[in-house]
Amino acid sequence: MRKPALISLYMALSRVSPPLWSLVLHARARRGKEDRARLAEKWGHASQPRPNGPLIWMHGVSVGESVALLTLIARLRAERPDTTILLTTITQASAQALSKRALPDGVIHQYMPVDTPAAVRRFMAHWRPDVTAIAEADLWPRILLAAKARGCPMLLLNTHVTPRRYRRRRRAPAANGWLMNLFDEIHVQDSQSYELFRDLGAPMDKLQVTGVLKAASDPLPDDLTEREKLLAAMGARPRWLAASTRAVEEDQLFDAHALACERVPEILMIIAPRQMRDADKTEALALERFGRKRVARRSRGDAITPDISVYIADSIGEMGLWYRLAPVAYTGQSLPLPDRILGGKNPFEAVALDCMIVHGPTVANFREAYDRLHAEGGALEVANAAEMAQAVCNAQSPEFRAPFIAGANRVQHQNMMPLDKALSATLAMLPAPS
């Protein structure tokens with residue numbers, strides 16, 4: 001298949017891009033967004049030796065994508081203990097989150113190298129992967145081509161097409177289709193993504209709908225000592241969680257909490273912003289609405305006293321803790337906004353921990369998942385802050401929550417297919433045990 005002009009242009013620009021990458025990485029390091037101690041990994045300099053034997057290179061760009069791979073990694077190690085897993089990510093947040101979850105023996109974390117000739121060459125020469133598996137759709141042409149040139153079987157896992165991603169890639173379908181064709185198999189999350197990938201030039205014979213890999217993942221972990229400490233502080237207070245929120249929707253969420261407080265004055269709101277950099281905005285808005293004495297923040301170590309009404313959970317890698325502490329959760333980014341449409345968040349982290357799901361109407365990024373939940377009565381949709389307030393108050397009752405949790409569990413039992421498919425595909429690509 002002939003290389004599209006846009007890919008050729010990218011490859012040419014990547015040869016002269018190291019000075020720009022250097023400026024960007026050092027600027028990010030100054031702002032605390034890069035790990036200075038491991039910056040050499042971004043240039044392909046490995047910080048650990050390559051073990052002998054087969055090696056699977058798995059890549060997830062940030063926290064969500066890398067965490068979605070962990071259950072698969074554990075299964076792979078159980079099936080092939082002779083095989084090393086190299087897990088790469090890009091963001092510092094992902095490394096911090098993974099550090100809180102003890103990686104299994106035989107799993108090495110490294111930062112993904114920048115997509116320049118020298119960095120990619122060093123990375124590939126050192127790690128020499130036998131199989132490449134990319135989660136979602138973090139596609140860097142030079143490193144993908146280098147893996148292909150090694151004759152490395154390639155798998156694209158758990159990928160889906162959001163409307164925004166579709167519009168962006170629709171401008172260059174030839175380049176997108178050419179990149180997709182580098183993979184031996186492409187596992188998409190839903191039928192809509194299948195159709196959109198096909199429209200973007202992905203080869204039909206490599207596409208298959210397998211579902212959401214994160215839906216088959218083990219429940220998010222937590223720290224039992226921290227949970228018991230927080231439970232002691234919260235006592236028997238009713239509470240709810242707003243998870244993975246965006247700043248643009250938090251005004252409505254605080255409206256909902258204010259209304260909930262009118263019905264249940266002692267109710268506690270735990271709000272976990274999607275981006276830690278937005279936590280200052282979250283706090284400013286909470287202070288404006290509820291006052292200094294009623295707002296606490298995790299990153300400062302603030303105590304949850306009886307006066308606290310809003311607890312800002314601005315920490316990395318603790319979402320399993322918050323889902324266990326709250327009987328009901330708004331799963332994030334789905335309330336209607338006047339000037340933009342958010343696409344919702346994956347609901348299955350909450351499902352796996354028996355936390356009742358409440359969400360808004362704009363869930364296009366995960367429409368099939370929410371449709372399955374609603375077909376089984378496993379989630380409650382609300383249209384606005386008033387309905388949200390009523391829902392989180394009603395959900396303090398175990399009897400109210402029970403049918404929703406039972407319905408969600410029925411869906412969860414159907415969710416093992418993506419894991420089984422990814423496992424069998426990866427194992428089939430590995431060389432036979434010696």
# chains A, B, ... in the order shown; residues from 1 in each chain; ligands from 1
>>> select_by_dssp(residues="segment 356-399 of chain A", states="alpha helix (DSSP H)", output="number ranges by chain")
A: 367-375, 385-394, 398-399
>>> closest_atom_pairs(of="segment 326-401 of chain A", to="segment 176-200 of chain A", cutoff="10 Å", atoms="only C-alpha atoms", output="Markdown table")
| residue | atom | partner | partner_atom | distance |
| --- | --- | --- | --- | --- |
| A:Asn365 | CA | A:Ser193 | CA | 9.5 |
| A:Phe366 | CA | A:Asp190 | CA | 8.6 |
| A:Arg367 | CA | A:Asp190 | CA | 8.9 |
| A:Glu368 | CA | A:Asp190 | CA | 6.6 |
| A:Ala369 | CA | A:Asp190 | CA | 8.5 |
>>> write_last_selection(atoms="all heavy atoms", output="PDB file, in the first residue's frame")
ATOM      1  N   ASN A 365     -20.112   9.088  23.453  1.00  0.00           N
ATOM      2  CA  ASN A 365     -18.856   8.338  23.385  1.00  0.00           C
ATOM      3  C   ASN A 365     -19.007   6.908  23.893  1.00  0.00           C
ATOM      4  O   ASN A 365     -18.165   6.052  23.583  1.00  0.00           O
ATOM      5  CB  ASN A 365     -17.772   9.045  24.199  1.00  0.00           C
ATOM      6  CG  ASN A 365     -17.354  10.374  23.597  1.00  0.00           C
ATOM      7  OD1 ASN A 365     -17.780  10.722  22.494  1.00  0.00           O
ATOM      8  ND2 ASN A 365     -16.551  11.123  24.308  1.00  0.00           N
ATOM      9  N   PHE A 366     -20.042   6.661  24.697  1.00  0.00           N
ATOM     10  CA  PHE A 366     -20.257   5.330  25.278  1.00  0.00           C
ATOM     11  C   PHE A 366     -21.726   4.926  25.152  1.00  0.00           C
ATOM     12  O   PHE A 366     -22.275   4.263  26.029  1.00  0.00           O
ATOM     13  CB  PHE A 366     -19.813   5.321  26.750  1.00  0.00           C
ATOM     14  CG  PHE A 366     -18.356   5.618  26.935  1.00  0.00           C
ATOM     15  CD1 PHE A 366     -17.938   6.920  27.151  1.00  0.00           C
ATOM     16  CD2 PHE A 366     -17.413   4.615  26.873  1.00  0.00           C
ATOM     17  CE1 PHE A 366     -16.585   7.214  27.306  1.00  0.00           C
ATOM     18  CE2 PHE A 366     -16.062   4.893  27.018  1.00  0.00           C
ATOM     19  CZ  PHE A 366     -15.652   6.196  27.237  1.00  0.00           C
ATOM     20  N   ARG A 367     -22.345   5.327  24.040  1.00  0.00           N
ATOM     21  CA  ARG A 367     -23.770   5.107  23.858  1.00  0.00           C
ATOM     22  C   ARG A 367     -24.151   3.637  23.987  1.00  0.00           C
ATOM     23  O   ARG A 367     -25.137   3.283  24.644  1.00  0.00           O
ATOM     24  CB  ARG A 367     -24.203   5.662  22.492  1.00  0.00           C
ATOM     25  CG  ARG A 367     -25.622   5.305  22.068  1.00  0.00           C
ATOM     26  CD  ARG A 367     -26.670   5.704  23.086  1.00  0.00           C
ATOM     27  NE  ARG A 367     -26.706   7.139  23.313  1.00  0.00           N
ATOM     28  CZ  ARG A 367     -27.407   7.692  24.304  1.00  0.00           C
ATOM     29  NH1 ARG A 367     -28.060   6.938  25.169  1.00  0.00           N
ATOM     30  NH2 ARG A 367     -27.403   9.000  24.454  1.00  0.00           N
ATOM     31  N   GLU A 368     -23.391   2.756  23.364  1.00  0.00           N
ATOM     32  CA  GLU A 368     -23.750   1.347  23.396  1.00  0.00           C
ATOM     33  C   GLU A 368     -23.683   0.790  24.815  1.00  0.00           C
ATOM     34  O   GLU A 368     -24.545  -0.002  25.229  1.00  0.00           O
ATOM     35  CB  GLU A 368     -22.827   0.548  22.461  1.00  0.00           C
ATOM     36  CG  GLU A 368     -23.358  -0.819  22.123  1.00  0.00           C
ATOM     37  CD  GLU A 368     -22.699  -1.405  20.888  1.00  0.00           C
ATOM     38  OE1 GLU A 368     -22.753  -0.769  19.814  1.00  0.00           O
ATOM     39  OE2 GLU A 368     -22.159  -2.520  21.001  1.00  0.00           O
ATOM     40  N   ALA A 369     -22.699   1.208  25.590  1.00  0.00           N
ATOM     41  CA  ALA A 369     -22.584   0.739  26.978  1.00  0.00           C
ATOM     42  C   ALA A 369     -23.786   1.192  27.801  1.00  0.00           C
ATOM     43  O   ALA A 369     -24.379   0.398  28.555  1.00  0.00           O
ATOM     44  CB  ALA A 369     -21.286   1.258  27.593  1.00  0.00           C
TER      45      ALA A 369
END
>>> select_by_dssp(residues="segment 27-91 of chain A", states="strand (DSSP E or B)", output="PDB file with N, CA, C and O atoms, in the first residue's frame")
ATOM      1  N   LEU A  55       8.846 -10.766  24.570  1.00  0.00           N
ATOM      2  CA  LEU A  55       8.422  -9.506  25.181  1.00  0.00           C
ATOM      3  C   LEU A  55       7.243  -8.939  24.399  1.00  0.00           C
ATOM      4  O   LEU A  55       7.300  -8.823  23.170  1.00  0.00           O
ATOM      5  N   ILE A  56       6.186  -8.612  25.120  1.00  0.00           N
ATOM      6  CA  ILE A  56       5.018  -7.947  24.534  1.00  0.00           C
ATOM      7  C   ILE A  56       5.081  -6.478  24.917  1.00  0.00           C
ATOM      8  O   ILE A  56       5.154  -6.142  26.103  1.00  0.00           O
ATOM      9  N   TRP A  57       5.066  -5.611  23.925  1.00  0.00           N
ATOM     10  CA  TRP A  57       5.007  -4.178  24.184  1.00  0.00           C
ATOM     11  C   TRP A  57       3.542  -3.739  24.131  1.00  0.00           C
ATOM     12  O   TRP A  57       2.888  -3.887  23.106  1.00  0.00           O
ATOM     13  N   MET A  58       3.039  -3.215  25.256  1.00  0.00           N
ATOM     14  CA  MET A  58       1.672  -2.713  25.344  1.00  0.00           C
ATOM     15  C   MET A  58       1.730  -1.228  25.666  1.00  0.00           C
ATOM     16  O   MET A  58       2.523  -0.798  26.504  1.00  0.00           O
ATOM     17  N   HIS A  59       0.881  -0.454  25.004  1.00  0.00           N
ATOM     18  CA  HIS A  59       0.917   0.998  25.163  1.00  0.00           C
ATOM     19  C   HIS A  59      -0.470   1.555  25.437  1.00  0.00           C
ATOM     20  O   HIS A  59      -1.432   1.230  24.742  1.00  0.00           O
ATOM     21  N   THR A  84       7.816 -11.281  29.163  1.00  0.00           N
ATOM     22  CA  THR A  84       7.863  -9.966  29.803  1.00  0.00           C
ATOM     23  C   THR A  84       6.854  -9.038  29.141  1.00  0.00           C
ATOM     24  O   THR A  84       6.666  -9.089  27.920  1.00  0.00           O
ATOM     25  N   ILE A  85       6.213  -8.216  29.944  1.00  0.00           N
ATOM     26  CA  ILE A  85       5.318  -7.184  29.416  1.00  0.00           C
ATOM     27  C   ILE A  85       5.976  -5.827  29.615  1.00  0.00           C
ATOM     28  O   ILE A  85       6.305  -5.442  30.748  1.00  0.00           O
ATOM     29  N   LEU A  86       6.201  -5.108  28.522  1.00  0.00           N
ATOM     30  CA  LEU A  86       6.660  -3.725  28.584  1.00  0.00           C
ATOM     31  C   LEU A  86       5.435  -2.834  28.424  1.00  0.00           C
ATOM     32  O   LEU A  86       4.783  -2.856  27.376  1.00  0.00           O
ATOM     33  N   LEU A  87       5.090  -2.087  29.456  1.00  0.00           N
ATOM     34  CA  LEU A  87       3.932  -1.194  29.425  1.00  0.00           C
ATOM     35  C   LEU A  87       4.425   0.241  29.316  1.00  0.00           C
ATOM     36  O   LEU A  87       5.099   0.739  30.222  1.00  0.00           O
ATOM     37  N   THR A  88       4.100   0.899  28.207  1.00  0.00           N
ATOM     38  CA  THR A  88       4.497   2.298  28.034  1.00  0.00           C
ATOM     39  C   THR A  88       3.285   3.214  28.149  1.00  0.00           C
ATOM     40  O   THR A  88       2.166   2.841  27.789  1.00  0.00           O
ATOM     41  N   THR A  89       3.535   4.403  28.671  1.00  0.00           N
ATOM     42  CA  THR A  89       2.538   5.465  28.716  1.00  0.00           C
ATOM     43  C   THR A  89       3.243   6.765  28.367  1.00  0.00           C
ATOM     44  O   THR A  89       4.469   6.809  28.244  1.00  0.00           O
TER      45      THR A  89
END
>>> residues_around(residues="Gly377 of chain A", least_positions_apart="4", cutoff="12 Å", atoms="only C-alpha atoms", output="VMD selection string")
chain A and resid 356 to 358 370 to 373 381 401 to 411
>>> residues_around(residues="Leu157 of chain A", least_positions_apart="6", cutoff="12 Å", atoms="only C-alpha atoms", output="count of residues only")
40
>>> closest_residue(among="A:Pro113, A:Leu76, A:Val24, A:Ala12", to="Val61 of chain A", atoms="only C-alpha atoms")
A:Pro113
>>> atom_distance(atom1="atom CA of Asp35 of chain A", atom2="atom CA of Ile90 of chain A")
10.8 Å
>>> atom_distance(atom1="atom CA of Val295 of chain A", atom2="atom CA of Val351 of chain A")
27.9 Å
>>> atom_distance(atom1="atom CA of Ala326 of chain A", atom2="atom CA of Pro338 of chain A")
29.2 Å
>>> closest_residue(among="A:Ser14, A:Ala215, A:His45, A:Lys229", to="Gln412 of chain A", atoms="only C-alpha atoms")
A:Ala215
>>> closest_residue(among="A:Pro51, A:Gln252, A:Met11, A:Arg31", to="Leu144 of chain A", atoms="only C-alpha atoms")
A:Met11
>>> residues_around(residues="Tyr330 of chain A", least_positions_apart="3", cutoff="10 Å", atoms="only C-alpha atoms", output="list in words")
Trp240, Leu241, Ala242, Ala243, Ser244, Thr245, Leu253, Ile271, Gln333, Ser334, Leu335, Lys345, Pro347, Ala350, Cys355, Met356, Ile357, Val358, His359, Gly360, Leu380, Glu381, Val382, Met388, Ala391 and Val392 of chain A
>>> write_last_selection(atoms="N, CA and C atoms", output="compact mmCIF listing (two decimals), in the first residue's frame")
# COMPACT_ATOMS: atom_id res chain seq x y z
N TRP A 240 -22.64 11.19 48.04
CA TRP A 240 -22.64 10.84 46.63
C TRP A 240 -21.36 11.31 45.99
N LEU A 241 -21.03 10.71 44.84
CA LEU A 241 -19.79 10.98 44.13
C LEU A 241 -20.08 11.57 42.76
N ALA A 242 -19.38 12.64 42.43
CA ALA A 242 -19.34 13.16 41.06
C ALA A 242 -17.96 12.83 40.51
N ALA A 243 -17.88 11.87 39.60
CA ALA A 243 -16.61 11.29 39.18
C ALA A 243 -16.17 11.81 37.82
N SER A 244 -14.88 12.06 37.68
CA SER A 244 -14.27 12.44 36.40
C SER A 244 -14.98 13.63 35.77
N THR A 245 -15.21 14.65 36.57
CA THR A 245 -15.97 15.80 36.09
C THR A 245 -15.09 16.77 35.31
N LEU A 253 -23.46 20.68 38.78
CA LEU A 253 -23.31 19.68 39.84
C LEU A 253 -23.43 20.32 41.21
N ILE A 271 -16.34 15.13 45.03
CA ILE A 271 -16.18 15.46 43.62
C ILE A 271 -14.74 15.22 43.20
N GLN A 333 -19.35 13.95 32.87
CA GLN A 333 -19.26 14.51 31.52
C GLN A 333 -20.45 14.16 30.64
N SER A 334 -21.65 14.22 31.18
CA SER A 334 -22.82 13.89 30.37
C SER A 334 -24.00 14.83 30.58
N LEU A 335 -23.84 15.87 31.39
CA LEU A 335 -24.92 16.84 31.56
C LEU A 335 -24.98 17.78 30.35
N LYS A 345 -18.64 9.32 30.20
CA LYS A 345 -17.48 8.55 30.63
C LYS A 345 -17.87 7.08 30.77
N PRO A 347 -18.87 3.76 32.18
CA PRO A 347 -19.59 3.52 33.43
C PRO A 347 -19.11 2.30 34.21
N ALA A 350 -17.65 2.06 37.95
CA ALA A 350 -18.67 2.12 39.00
C ALA A 350 -19.41 0.79 39.12
N CYS A 355 -21.62 0.43 42.66
CA CYS A 355 -22.01 1.82 42.89
C CYS A 355 -23.09 2.17 41.87
N MET A 356 -24.23 2.62 42.34
CA MET A 356 -25.32 2.96 41.42
C MET A 356 -24.93 4.12 40.51
N ILE A 357 -25.30 4.01 39.24
CA ILE A 357 -24.92 5.00 38.23
C ILE A 357 -26.05 5.96 37.95
N VAL A 358 -25.72 7.26 38.02
CA VAL A 358 -26.59 8.33 37.54
C VAL A 358 -25.82 9.08 36.47
N HIS A 359 -26.48 9.42 35.37
CA HIS A 359 -25.78 10.13 34.29
C HIS A 359 -26.73 11.06 33.57
N GLY A 360 -26.16 11.99 32.82
CA GLY A 360 -26.94 12.89 32.00
C GLY A 360 -27.23 12.30 30.63
N LEU A 380 -29.55 5.19 35.83
CA LEU A 380 -30.63 6.18 35.89
C LEU A 380 -30.18 7.45 35.17
N GLU A 381 -30.92 7.84 34.14
CA GLU A 381 -30.61 9.08 33.41
C GLU A 381 -31.38 10.24 34.00
N VAL A 382 -30.68 11.37 34.17
CA VAL A 382 -31.33 12.60 34.64
C VAL A 382 -31.07 13.69 33.62
N MET A 388 -30.98 15.43 39.18
CA MET A 388 -29.79 14.86 39.80
C MET A 388 -29.93 14.88 41.32
N ALA A 391 -32.32 12.25 42.44
CA ALA A 391 -31.76 10.91 42.26
C ALA A 391 -30.77 10.57 43.37
N VAL A 392 -29.84 11.49 43.68
CA VAL A 392 -28.81 11.15 44.66
C VAL A 392 -29.40 11.05 46.06
>>> residues_around(residues="Phe290 of chain A", least_positions_apart="4", cutoff="9 Å", atoms="only C-alpha atoms", output="PyMOL selection string")
chain A and resi 254+258+285-286+294-295+309-310
>>> closest_residue(among="A:Asp218, A:Asp314, A:Asp205, A:Asp115", to="Phe348 of chain A", atoms="only C-alpha atoms")
A:Asp218
>>> closest_residue(among="A:Met429, A:Ala279, A:Ala256, A:Ala389", to="Val131 of chain A", atoms="only C-alpha atoms")
A:Met429
